[in-house]
Amino acid sequence: MSRSIIINLLRFVLLIFIQVCLLKNINVYNLTTPYIYILFILLLPFETPNILLFVLAFFTGLIIDSFYDTPGLHAAACVLLAFVRILFISITVQKDGFDNEPEPTLSIMGFRWFFTYALTLTLFHHFFLFNLEAFSLSEFQYTLSRFLLSSVFTVFLMLISGLLFFRRKERK
Amino acid sequence: MRNLWIFISKYNAFFLFLIFEVAALIIYVKYNSFQKATFINSANEVTGAWYTRTNEFYTYLSLKDVNDSLAHENARLRNQLKSSLYVDTINKHKVTDTVYKQQYEYIVAKVINNSTNRSNNYITINKGSKQGIAKGMGVISNQGIVGKVVFVSDHFSVIQSLLHKDSQFSAMLAKNKEIGYVEWGDDMDPHKGLLKDVSNNAVPKLGEQVVTSGYSLFPEGIPIGKVSNLRTRTGGYSLNMEIALAVDFSRLQFVDVVDNKFANEQSAVEAQQKKNE
């Protein structure tokens with residue numbers, strides 16, 4: 001229990017750091033901006049209670065907002081992300097079959113499941129985020145291309161980080 | 001009641017989602033001006049037509065009150081006109097500064113457009129080149145310095161106010177004459193400025209007057225503000241401090257444009273000296 005708290009805390013700090021110090025400056029042709037920090041919400045343990053999940057998502061979003069000067073934008077997108085996460089997990093995963101608090105990581109859940117999981121959640125988050133940021137339908141094509149390219153970039157980074165911390169034979 | 005409770009706890013994820021999402025969106029709409037404007041405008045499109053209709057009717061009913069208030073306003077404006085003429089006659093008087101042998105003339109003008117809430121603020125006045133205003137002249141009000149003229153047409157001029165990222169004016173502490181320069185504070189507060197690059201020897205006190213130095217567009221001793229916060233910092237070559245600006249920019253009505261009669265001569269001489277070097 002305490003170990004997973006420490007791991008998640010470290011992951012949180014690391015991801016915020018990477019997002020704010022590194023990825024905030026990456027902006028390819030004004031189209032792709034990866035938002036890797038949502039990996040923190042994706043990788044919270046399965047057994048996180050819903051209320052805690054929402055609170056964490058909300059405050060993660062607010063912290064990112066405070067760096068991006070857009071109060072509420074990322075918070076709204078992250079809360080949606082948390083909701084989609086709950087739905088996705090309740091549909092695809094049997095909750096009772098786990099011991100010692102597993103997390104939805106690449107090494108535990110396998111590539112296929114994790115890829116679908118990351119892709120779906122990233123698409124939801126980015127779609128909501130970019131449209132809320134633009135707040136109009138007049139440049140919908142531009143918003144759409146930004147959303148798609150950024151999603152690809154984000155998922156790519158997520159898979160890389162998943163493979164980077166890959167540990168074999170964790171699933172028992 | 002119990003069934004309701006069971007229902008809520010069964011779909012708790014959804015209700016929690018609603019609560020947090022609404023909270024986030026409220027924050028978003030409230031603190032981001034663009035979304036706020038769009039949101040309010042779209043709301044107005046629905047109700048706007050109705051309001052215009054009812055408004056037409058109400059204006060007709062309140063004509064008598066409007067007449068009264070217009071009469072009052074006329075009286076008030078006539079008073080202001082008198083005072084403006086009064087200021088005008090005062091300022092035709094030429095000030096001779098014997099120390100620097102400079103001659104300043106003041107041209108009074110009315111502020112007709114003003115902003116204080118942007119990161120670069122400009123003021124428009126109703127006097128222009130026909131009245132003798134030229135680009136680069138300093139502008140003061142009866143409270144203190146305001147800015148400098150950056151654009152002149154025949155009858156209007158645009159002033160780059162002190163509340164502008166690029167505005168810098170030479171200033172000094174009133175008591176011990178330590179020179180520095182004044183610029184707008186970094187948090188966009190229209191009442192706050194910064195006095196920078198004061199020599200380390202100065203011992204500024206809270207509440208001390210900061211005035212113009214006479215090295216720039218303005219005569220010496222025009223108030224700028226009072227020291228409000230000493231940012232004590234060790235190890236620097238110079239002191240920076242916050243000042244409370246003397247001019248209330250949001251309520252600016254009349255300003256005086258400072259015409260330095262010897263500005264051209266001075267700059268010509270200085271240019272020559274630079275060329276010689």
# chains A, B, ... in the order shown; residues from 1 in each chain; ligands from 1
>>> residues_around(residues="region 47-60 of chain A", least_positions_apart="2", cutoff="7 Å", atoms="only C-alpha atoms", output="list in words")
Ile41, Leu44, Pro45, Leu62, Ile63, Ile64, Ala75, Cys78, Val79, Ala82 and Glu101 of chain A; Ala13 and Leu16 of chain B
>>> interface_residues(of="chain B", to="chain A", cutoff="10 Å", atoms="only C-alpha atoms", output="short mmCIF file (atom, residue, chain, number, x, y, z; two decimals) with C-alpha atoms, in the first residue's frame")
data_model
loop_
_atom_site.label_atom_id
_atom_site.label_comp_id
_atom_site.auth_asym_id
_atom_site.auth_seq_id
_atom_site.Cartn_x
_atom_site.Cartn_y
_atom_site.Cartn_z
CA ASN B 12 -21.44 7.22 -7.94
CA ALA B 13 -18.86 7.54 -10.69
CA PHE B 14 -21.30 9.42 -12.86
CA PHE B 15 -22.41 11.79 -10.13
CA LEU B 16 -18.86 12.45 -9.03
CA PHE B 17 -18.02 13.09 -12.66
CA LEU B 18 -20.84 15.63 -12.91
CA ILE B 19 -19.76 17.45 -9.77
CA PHE B 20 -16.10 17.73 -10.71
CA GLU B 21 -16.77 18.51 -14.35
CA VAL B 22 -19.12 21.33 -13.46
CA ALA B 23 -16.59 22.69 -10.96
CA ALA B 24 -13.83 22.62 -13.58
CA LEU B 25 -16.00 24.25 -16.23
CA ILE B 26 -17.09 26.98 -13.83
CA ILE B 27 -13.46 27.75 -13.09
CA TYR B 28 -12.71 27.66 -16.79
CA VAL B 29 -15.47 30.02 -17.87
CA LYS B 30 -14.97 32.34 -14.96
CA TYR B 31 -11.22 32.86 -15.21
CA ASN B 32 -10.64 32.83 -18.96
CA PHE B 34 -12.19 34.75 -24.07
CA GLN B 35 -14.52 31.92 -23.11
CA THR B 38 -18.14 34.02 -25.96
CA PHE B 39 -20.37 32.47 -23.35
#
>>> select_by_dssp(residues="region 141-202 of chain B", states="strand (DSSP E)", output="PyMOL selection string")
chain B and resi 145-152+157-164+169-173+179-184+192-199
>>> write_last_selection(atoms="N, CA and C atoms", output="CSV table (one decimal), in the first residue's frame")
chain,number,residue,atom,x,y,z
B,145,ILE,N,3.5,62.5,-13.3
B,145,ILE,CA,3.7,62.2,-14.8
B,145,ILE,C,2.8,61.1,-15.3
B,146,VAL,N,2.5,61.3,-16.6
B,146,VAL,CA,1.5,60.4,-17.2
B,146,VAL,C,2.2,59.5,-18.3
B,147,GLY,N,3.0,60.1,-19.2
B,147,GLY,CA,3.6,59.3,-20.2
B,147,GLY,C,4.3,60.2,-21.2
B,148,LYS,N,4.4,59.7,-22.5
B,148,LYS,CA,5.0,60.5,-23.5
B,148,LYS,C,4.2,60.4,-24.8
B,149,VAL,N,4.2,61.4,-25.6
B,149,VAL,CA,3.5,61.4,-26.9
B,149,VAL,C,4.2,60.5,-27.9
B,150,VAL,N,3.5,59.6,-28.5
B,150,VAL,CA,4.1,58.7,-29.5
B,150,VAL,C,3.5,58.9,-30.9
B,151,PHE,N,2.3,59.5,-31.0
B,151,PHE,CA,1.7,59.6,-32.3
B,151,PHE,C,0.9,60.9,-32.3
B,152,VAL,N,1.1,61.7,-33.4
B,152,VAL,CA,0.4,62.9,-33.5
B,152,VAL,C,-0.4,63.0,-34.8
B,157,SER,N,-3.7,63.3,-30.3
B,157,SER,CA,-2.4,62.7,-30.1
B,157,SER,C,-2.6,61.4,-29.3
B,158,VAL,N,-1.7,60.5,-29.5
B,158,VAL,CA,-1.7,59.2,-28.7
B,158,VAL,C,-0.5,59.2,-27.7
B,159,ILE,N,-0.8,59.0,-26.4
B,159,ILE,CA,0.2,59.0,-25.4
B,159,ILE,C,0.5,57.6,-25.0
B,160,GLN,N,1.8,57.2,-25.0
B,160,GLN,CA,2.1,55.9,-24.4
B,160,GLN,C,2.2,56.2,-22.9
B,161,SER,N,1.3,55.6,-22.2
B,161,SER,CA,1.2,55.9,-20.8
B,161,SER,C,2.3,55.2,-20.0
B,162,LEU,N,2.5,55.6,-18.8
B,162,LEU,CA,3.5,55.0,-18.0
B,162,LEU,C,3.2,53.5,-17.8
B,163,LEU,N,1.9,53.2,-17.9
B,163,LEU,CA,1.5,51.8,-17.8
B,163,LEU,C,1.7,51.1,-19.1
B,164,HIS,N,2.9,51.0,-19.5
B,164,HIS,CA,3.3,50.4,-20.8
B,164,HIS,C,4.6,49.6,-20.6
B,169,PHE,N,11.2,56.2,-17.5
B,169,PHE,CA,11.4,57.6,-17.3
B,169,PHE,C,12.5,57.8,-16.2
B,170,SER,N,13.4,58.7,-16.4
B,170,SER,CA,14.4,59.0,-15.5
B,170,SER,C,13.7,59.6,-14.2
B,171,ALA,N,14.2,59.1,-13.0
B,171,ALA,CA,13.5,59.6,-11.8
B,171,ALA,C,14.6,59.7,-10.7
B,172,MET,N,14.2,60.3,-9.6
B,172,MET,CA,15.1,60.3,-8.5
B,172,MET,C,14.3,60.4,-7.2
B,173,LEU,N,15.0,60.0,-6.1
B,173,LEU,CA,14.4,60.1,-4.8
B,173,LEU,C,14.5,61.6,-4.4
B,179,ILE,N,19.6,59.1,-8.4
B,179,ILE,CA,19.0,58.9,-9.7
B,179,ILE,C,18.7,57.4,-10.0
B,180,GLY,N,17.5,57.1,-10.6
B,180,GLY,CA,17.2,55.8,-11.1
B,180,GLY,C,16.2,56.0,-12.2
B,181,TYR,N,15.6,54.9,-12.6
B,181,TYR,CA,14.5,55.1,-13.6
B,181,TYR,C,13.3,54.3,-13.2
B,182,VAL,N,12.1,54.9,-13.7
B,182,VAL,CA,10.8,54.4,-13.2
B,182,VAL,C,10.2,53.6,-14.4
B,183,GLU,N,9.7,52.4,-14.1
B,183,GLU,CA,8.9,51.8,-15.1
B,183,GLU,C,7.7,51.1,-14.4
B,184,TRP,N,6.8,50.6,-15.2
B,184,TRP,CA,5.6,50.0,-14.7
B,184,TRP,C,5.9,48.7,-14.0
B,192,LYS,N,0.9,50.7,-9.3
B,192,LYS,CA,2.2,50.3,-8.9
B,192,LYS,C,3.2,50.5,-9.9
B,193,GLY,N,4.4,51.1,-9.5
B,193,GLY,CA,5.5,51.2,-10.5
B,193,GLY,C,6.7,50.7,-9.8
B,194,LEU,N,7.8,50.6,-10.6
B,194,LEU,CA,9.1,50.2,-10.0
B,194,LEU,C,10.1,51.3,-10.2
B,195,LEU,N,10.9,51.5,-9.2
B,195,LEU,CA,12.0,52.4,-9.3
B,195,LEU,C,13.3,51.6,-9.3
B,196,LYS,N,14.0,51.6,-10.4
B,196,LYS,CA,15.1,50.7,-10.6
B,196,LYS,C,16.5,51.4,-10.7
B,197,ASP,N,17.5,50.6,-10.5
B,197,ASP,CA,18.9,51.1,-10.6
B,197,ASP,C,19.3,52.3,-9.8
B,198,VAL,N,18.8,52.4,-8.6
B,198,VAL,CA,19.2,53.4,-7.7
B,198,VAL,C,20.5,53.0,-7.1
B,199,SER,N,21.4,53.9,-6.9
B,199,SER,CA,22.7,53.5,-6.3
B,199,SER,C,22.6,52.9,-4.9
>>> atom_distance(atom1="CA of Phe218 (chain B)", atom2="CA of Asn121 (chain B)")
20.0 Å
>>> select_by_dssp(residues="region 106-274 of chain B", states="helix (DSSP H, G or I)", output="ChimeraX atom specification")
/B:129-131,249-251,263-274
>>> atom_distance(atom1="CA of Ser151 (chain A)", atom2="CA of Asn27 (chain A)")
13.2 Å
>>> residues_around(residues="Ile36 (chain A)", least_positions_apart="5", cutoff="10 Å", atoms="only C-alpha atoms", output="PyMOL selection string")
chain A and resi 15-16+18-19+23+122+151+153-158+161
>>> write_last_selection(atoms="N, CA and C atoms", output="PDB file, in the first residue's frame")
ATOM      1  N   LEU A  15       6.234  13.128 -13.963  1.00  0.00           N
ATOM      2  CA  LEU A  15       5.448  13.437 -15.161  1.00  0.00           C
ATOM      3  C   LEU A  15       5.155  14.925 -15.259  1.00  0.00           C
ATOM      4  N   ILE A  16       4.802  15.542 -14.116  1.00  0.00           N
ATOM      5  CA  ILE A  16       4.546  16.991 -14.144  1.00  0.00           C
ATOM      6  C   ILE A  16       5.815  17.715 -14.571  1.00  0.00           C
ATOM      7  N   ILE A  18       8.320  16.568 -16.399  1.00  0.00           N
ATOM      8  CA  ILE A  18       8.571  16.379 -17.830  1.00  0.00           C
ATOM      9  C   ILE A  18       7.622  17.243 -18.650  1.00  0.00           C
ATOM     10  N   GLN A  19       6.349  17.249 -18.244  1.00  0.00           N
ATOM     11  CA  GLN A  19       5.353  18.004 -18.998  1.00  0.00           C
ATOM     12  C   GLN A  19       5.688  19.495 -19.022  1.00  0.00           C
ATOM     13  N   LEU A  23       7.982  19.133 -22.338  1.00  0.00           N
ATOM     14  CA  LEU A  23       7.001  19.020 -23.415  1.00  0.00           C
ATOM     15  C   LEU A  23       6.264  20.314 -23.676  1.00  0.00           C
ATOM     16  N   THR A 122      -6.712   8.575 -24.263  1.00  0.00           N
ATOM     17  CA  THR A 122      -6.032   9.762 -24.804  1.00  0.00           C
ATOM     18  C   THR A 122      -6.923  10.483 -25.803  1.00  0.00           C
ATOM     19  N   SER A 151      -2.668  13.324 -30.234  1.00  0.00           N
ATOM     20  CA  SER A 151      -2.994  12.031 -29.635  1.00  0.00           C
ATOM     21  C   SER A 151      -1.972  10.984 -30.035  1.00  0.00           C
ATOM     22  N   PHE A 153       1.072  11.419 -30.933  1.00  0.00           N
ATOM     23  CA  PHE A 153       2.331  11.727 -30.245  1.00  0.00           C
ATOM     24  C   PHE A 153       2.265  11.268 -28.782  1.00  0.00           C
ATOM     25  N   THR A 154       1.165  11.589 -28.105  1.00  0.00           N
ATOM     26  CA  THR A 154       1.042  11.242 -26.685  1.00  0.00           C
ATOM     27  C   THR A 154       1.069   9.726 -26.487  1.00  0.00           C
ATOM     28  N   VAL A 155       0.279   9.002 -27.301  1.00  0.00           N
ATOM     29  CA  VAL A 155       0.239   7.544 -27.152  1.00  0.00           C
ATOM     30  C   VAL A 155       1.608   6.942 -27.425  1.00  0.00           C
ATOM     31  N   PHE A 156       2.277   7.488 -28.430  1.00  0.00           N
ATOM     32  CA  PHE A 156       3.626   7.038 -28.753  1.00  0.00           C
ATOM     33  C   PHE A 156       4.548   7.182 -27.537  1.00  0.00           C
ATOM     34  N   LEU A 157       4.500   8.351 -26.900  1.00  0.00           N
ATOM     35  CA  LEU A 157       5.340   8.574 -25.721  1.00  0.00           C
ATOM     36  C   LEU A 157       4.960   7.622 -24.591  1.00  0.00           C
ATOM     37  N   MET A 158       3.637   7.372 -24.447  1.00  0.00           N
ATOM     38  CA  MET A 158       3.179   6.465 -23.382  1.00  0.00           C
ATOM     39  C   MET A 158       3.726   5.061 -23.593  1.00  0.00           C
ATOM     40  N   SER A 161       7.378   4.948 -22.764  1.00  0.00           N
ATOM     41  CA  SER A 161       7.645   4.917 -21.326  1.00  0.00           C
ATOM     42  C   SER A 161       7.228   3.572 -20.731  1.00  0.00           C
TER      43      SER A 161
END
>>> residues_around(residues="Val93 (chain A)", least_positions_apart="2", cutoff="12 Å", atoms="only C-alpha atoms", output="list in words")
Phe46, Glu47, Arg85, Ile86, Leu87, Phe88, Ile89, Ser90, Ile91, Lys95, Asp96, Gly97, Phe98, Pro102, Glu103, Pro104, Met109, Trp113, Phe114 and Tyr117 of chain A
>>> write_last_selection(atoms="N, CA and C atoms", output="tab-separated table (two decimals), in the first residue's frame")
chain	number	residue	atom	x	y	z
A	46	PHE	N	-5.84	-0.19	-9.88
A	46	PHE	CA	-7.23	-0.51	-10.16
A	46	PHE	C	-8.14	-0.20	-8.99
A	47	GLU	N	-7.59	-0.39	-7.78
A	47	GLU	CA	-8.47	-0.34	-6.61
A	47	GLU	C	-8.65	1.07	-6.07
A	85	ARG	N	-12.02	6.43	-17.83
A	85	ARG	CA	-11.19	5.37	-17.27
A	85	ARG	C	-12.03	4.39	-16.48
A	86	ILE	N	-12.91	4.93	-15.62
A	86	ILE	CA	-13.76	4.06	-14.80
A	86	ILE	C	-14.64	3.18	-15.69
A	87	LEU	N	-15.24	3.81	-16.71
A	87	LEU	CA	-16.10	3.04	-17.63
A	87	LEU	C	-15.31	1.96	-18.34
A	88	PHE	N	-14.17	2.34	-18.89
A	88	PHE	CA	-13.36	1.41	-19.68
A	88	PHE	C	-12.93	0.22	-18.84
A	89	ILE	N	-12.48	0.50	-17.60
A	89	ILE	CA	-12.01	-0.60	-16.75
A	89	ILE	C	-13.16	-1.49	-16.33
A	90	SER	N	-14.31	-0.87	-16.03
A	90	SER	CA	-15.44	-1.70	-15.61
A	90	SER	C	-15.92	-2.59	-16.75
A	91	ILE	N	-15.73	-2.18	-18.01
A	91	ILE	CA	-16.15	-2.99	-19.14
A	91	ILE	C	-15.14	-4.10	-19.42
A	95	LYS	N	-12.65	-7.19	-11.83
A	95	LYS	CA	-11.98	-6.50	-10.74
A	95	LYS	C	-11.43	-7.44	-9.67
A	96	ASP	N	-12.10	-8.59	-9.48
A	96	ASP	CA	-11.76	-9.38	-8.29
A	96	ASP	C	-10.53	-10.26	-8.48
A	97	GLY	N	-10.09	-10.43	-9.72
A	97	GLY	CA	-9.09	-11.44	-9.96
A	97	GLY	C	-7.65	-11.05	-9.64
A	98	PHE	N	-7.44	-9.99	-8.90
A	98	PHE	CA	-6.07	-9.53	-8.68
A	98	PHE	C	-5.66	-9.59	-7.22
A	102	PRO	N	-2.53	-4.58	-8.31
A	102	PRO	CA	-1.86	-4.35	-9.59
A	102	PRO	C	-2.29	-3.01	-10.20
A	103	GLU	N	-1.48	-2.57	-11.10
A	103	GLU	CA	-1.77	-1.31	-11.79
A	103	GLU	C	-1.95	-1.60	-13.27
A	104	PRO	N	-2.67	-0.76	-13.96
A	104	PRO	CA	-2.88	-0.99	-15.40
A	104	PRO	C	-1.66	-0.60	-16.21
A	109	MET	N	-0.58	-5.80	-17.93
A	109	MET	CA	-1.80	-6.06	-18.68
A	109	MET	C	-1.56	-6.52	-20.11
A	113	TRP	N	-4.06	-4.87	-24.59
A	113	TRP	CA	-4.99	-4.19	-23.70
A	113	TRP	C	-4.50	-2.77	-23.40
A	114	PHE	N	-3.23	-2.66	-23.10
A	114	PHE	CA	-2.72	-1.35	-22.71
A	114	PHE	C	-2.81	-0.36	-23.87
A	117	TYR	N	-6.39	0.72	-24.23
A	117	TYR	CA	-6.69	1.56	-23.07
A	117	TYR	C	-6.11	2.96	-23.24
>>> closest_residue(among="B:Ile6, B:Ala202, B:Leu217, B:Met188", to="Met241 (chain B)", atoms="only C-alpha atoms")
B:Ala202
>>> closest_residue(among="A:Leu163, A:Leu148, A:Cys21, A:Leu123", to="Ile108 (chain A)", atoms="only C-alpha atoms")
A:Leu163
>>> decode(residues="region 182-208 of chain B", atoms="N, CA and C atoms", output="PDB file, in the first residue's frame")
ATOM      1  N   VAL B 182      12.139  54.897 -13.656  1.00  0.00           N
ATOM      2  CA  VAL B 182      10.846  54.358 -13.246  1.00  0.00           C
ATOM      3  C   VAL B 182      10.234  53.598 -14.404  1.00  0.00           C
ATOM      4  N   GLU B 183       9.672  52.440 -14.113  1.00  0.00           N
ATOM      5  CA  GLU B 183       8.853  51.773 -15.116  1.00  0.00           C
ATOM      6  C   GLU B 183       7.655  51.131 -14.433  1.00  0.00           C
ATOM      7  N   TRP B 184       6.765  50.557 -15.248  1.00  0.00           N
ATOM      8  CA  TRP B 184       5.555  49.959 -14.695  1.00  0.00           C
ATOM      9  C   TRP B 184       5.914  48.678 -13.968  1.00  0.00           C
ATOM     10  N   GLY B 185       5.189  48.404 -12.873  1.00  0.00           N
ATOM     11  CA  GLY B 185       5.397  47.170 -12.124  1.00  0.00           C
ATOM     12  C   GLY B 185       5.091  45.957 -12.974  1.00  0.00           C
ATOM     13  N   ASP B 186       5.576  44.783 -12.539  1.00  0.00           N
ATOM     14  CA  ASP B 186       5.449  43.608 -13.388  1.00  0.00           C
ATOM     15  C   ASP B 186       4.135  42.854 -13.217  1.00  0.00           C
ATOM     16  N   ASP B 187       3.255  43.288 -12.326  1.00  0.00           N
ATOM     17  CA  ASP B 187       2.008  42.526 -12.169  1.00  0.00           C
ATOM     18  C   ASP B 187       0.789  43.270 -12.694  1.00  0.00           C
ATOM     19  N   MET B 188       0.997  44.230 -13.594  1.00  0.00           N
ATOM     20  CA  MET B 188      -0.093  44.924 -14.281  1.00  0.00           C
ATOM     21  C   MET B 188      -1.060  45.625 -13.342  1.00  0.00           C
ATOM     22  N   ASP B 189      -0.566  46.073 -12.197  1.00  0.00           N
ATOM     23  CA  ASP B 189      -1.404  46.845 -11.288  1.00  0.00           C
ATOM     24  C   ASP B 189      -1.260  48.321 -11.672  1.00  0.00           C
ATOM     25  N   PRO B 190      -2.382  49.004 -12.022  1.00  0.00           N
ATOM     26  CA  PRO B 190      -2.263  50.389 -12.482  1.00  0.00           C
ATOM     27  C   PRO B 190      -1.841  51.375 -11.395  1.00  0.00           C
ATOM     28  N   HIS B 191      -1.683  50.925 -10.157  1.00  0.00           N
ATOM     29  CA  HIS B 191      -1.270  51.835  -9.097  1.00  0.00           C
ATOM     30  C   HIS B 191       0.182  51.608  -8.673  1.00  0.00           C
ATOM     31  N   LYS B 192       0.864  50.685  -9.327  1.00  0.00           N
ATOM     32  CA  LYS B 192       2.186  50.295  -8.856  1.00  0.00           C
ATOM     33  C   LYS B 192       3.231  50.507  -9.924  1.00  0.00           C
ATOM     34  N   GLY B 193       4.366  51.055  -9.540  1.00  0.00           N
ATOM     35  CA  GLY B 193       5.475  51.182 -10.465  1.00  0.00           C
ATOM     36  C   GLY B 193       6.739  50.663  -9.812  1.00  0.00           C
ATOM     37  N   LEU B 194       7.815  50.609 -10.588  1.00  0.00           N
ATOM     38  CA  LEU B 194       9.090  50.167 -10.029  1.00  0.00           C
ATOM     39  C   LEU B 194      10.124  51.263 -10.246  1.00  0.00           C
ATOM     40  N   LEU B 195      10.892  51.532  -9.206  1.00  0.00           N
ATOM     41  CA  LEU B 195      12.033  52.439  -9.344  1.00  0.00           C
ATOM     42  C   LEU B 195      13.268  51.560  -9.350  1.00  0.00           C
ATOM     43  N   LYS B 196      14.033  51.646 -10.427  1.00  0.00           N
ATOM     44  CA  LYS B 196      15.132  50.696 -10.588  1.00  0.00           C
ATOM     45  C   LYS B 196      16.474  51.417 -10.668  1.00  0.00           C
ATOM     46  N   ASP B 197      17.516  50.631 -10.460  1.00  0.00           N
ATOM     47  CA  ASP B 197      18.897  51.083 -10.642  1.00  0.00           C
ATOM     48  C   ASP B 197      19.258  52.304  -9.802  1.00  0.00           C
ATOM     49  N   VAL B 198      18.752  52.353  -8.570  1.00  0.00           N
ATOM     50  CA  VAL B 198      19.186  53.409  -7.671  1.00  0.00           C
ATOM     51  C   VAL B 198      20.496  52.956  -7.055  1.00  0.00           C
ATOM     52  N   SER B 199      21.410  53.898  -6.858  1.00  0.00           N
ATOM     53  CA  SER B 199      22.717  53.539  -6.329  1.00  0.00           C
ATOM     54  C   SER B 199      22.594  52.949  -4.933  1.00  0.00           C
ATOM     55  N   ASN B 200      23.519  52.080  -4.604  1.00  0.00           N
ATOM     56  CA  ASN B 200      23.483  51.383  -3.320  1.00  0.00           C
ATOM     57  C   ASN B 200      23.646  52.323  -2.130  1.00  0.00           C
ATOM     58  N   ASN B 201      24.209  53.517  -2.355  1.00  0.00           N
ATOM     59  CA  ASN B 201      24.437  54.447  -1.255  1.00  0.00           C
ATOM     60  C   ASN B 201      23.151  55.029  -0.725  1.00  0.00           C
ATOM     61  N   ALA B 202      22.129  55.057  -1.556  1.00  0.00           N
ATOM     62  CA  ALA B 202      20.867  55.670  -1.140  1.00  0.00           C
ATOM     63  C   ALA B 202      20.257  54.870  -0.005  1.00  0.00           C
ATOM     64  N   VAL B 203      19.673  55.571   0.931  1.00  0.00           N
ATOM     65  CA  VAL B 203      18.937  54.885   2.004  1.00  0.00           C
ATOM     66  C   VAL B 203      17.474  55.304   1.901  1.00  0.00           C
ATOM     67  N   PRO B 204      16.714  54.659   1.008  1.00  0.00           N
ATOM     68  CA  PRO B 204      15.330  55.079   0.823  1.00  0.00           C
ATOM     69  C   PRO B 204      14.467  54.679   2.008  1.00  0.00           C
ATOM     70  N   LYS B 205      13.478  55.513   2.285  1.00  0.00           N
ATOM     71  CA  LYS B 205      12.531  55.183   3.361  1.00  0.00           C
ATOM     72  C   LYS B 205      11.164  54.963   2.761  1.00  0.00           C
ATOM     73  N   LEU B 206      10.356  54.184   3.450  1.00  0.00           N
ATOM     74  CA  LEU B 206       8.978  53.976   3.015  1.00  0.00           C
ATOM     75  C   LEU B 206       8.260  55.318   3.004  1.00  0.00           C
ATOM     76  N   GLY B 207       7.492  55.570   1.956  1.00  0.00           N
ATOM     77  CA  GLY B 207       6.726  56.799   1.897  1.00  0.00           C
ATOM     78  C   GLY B 207       7.492  57.975   1.340  1.00  0.00           C
ATOM     79  N   GLU B 208       8.748  57.786   0.977  1.00  0.00           N
ATOM     80  CA  GLU B 208       9.527  58.893   0.433  1.00  0.00           C
ATOM     81  C   GLU B 208       9.069  59.224  -0.982  1.00  0.00           C
TER      82      GLU B 208
END
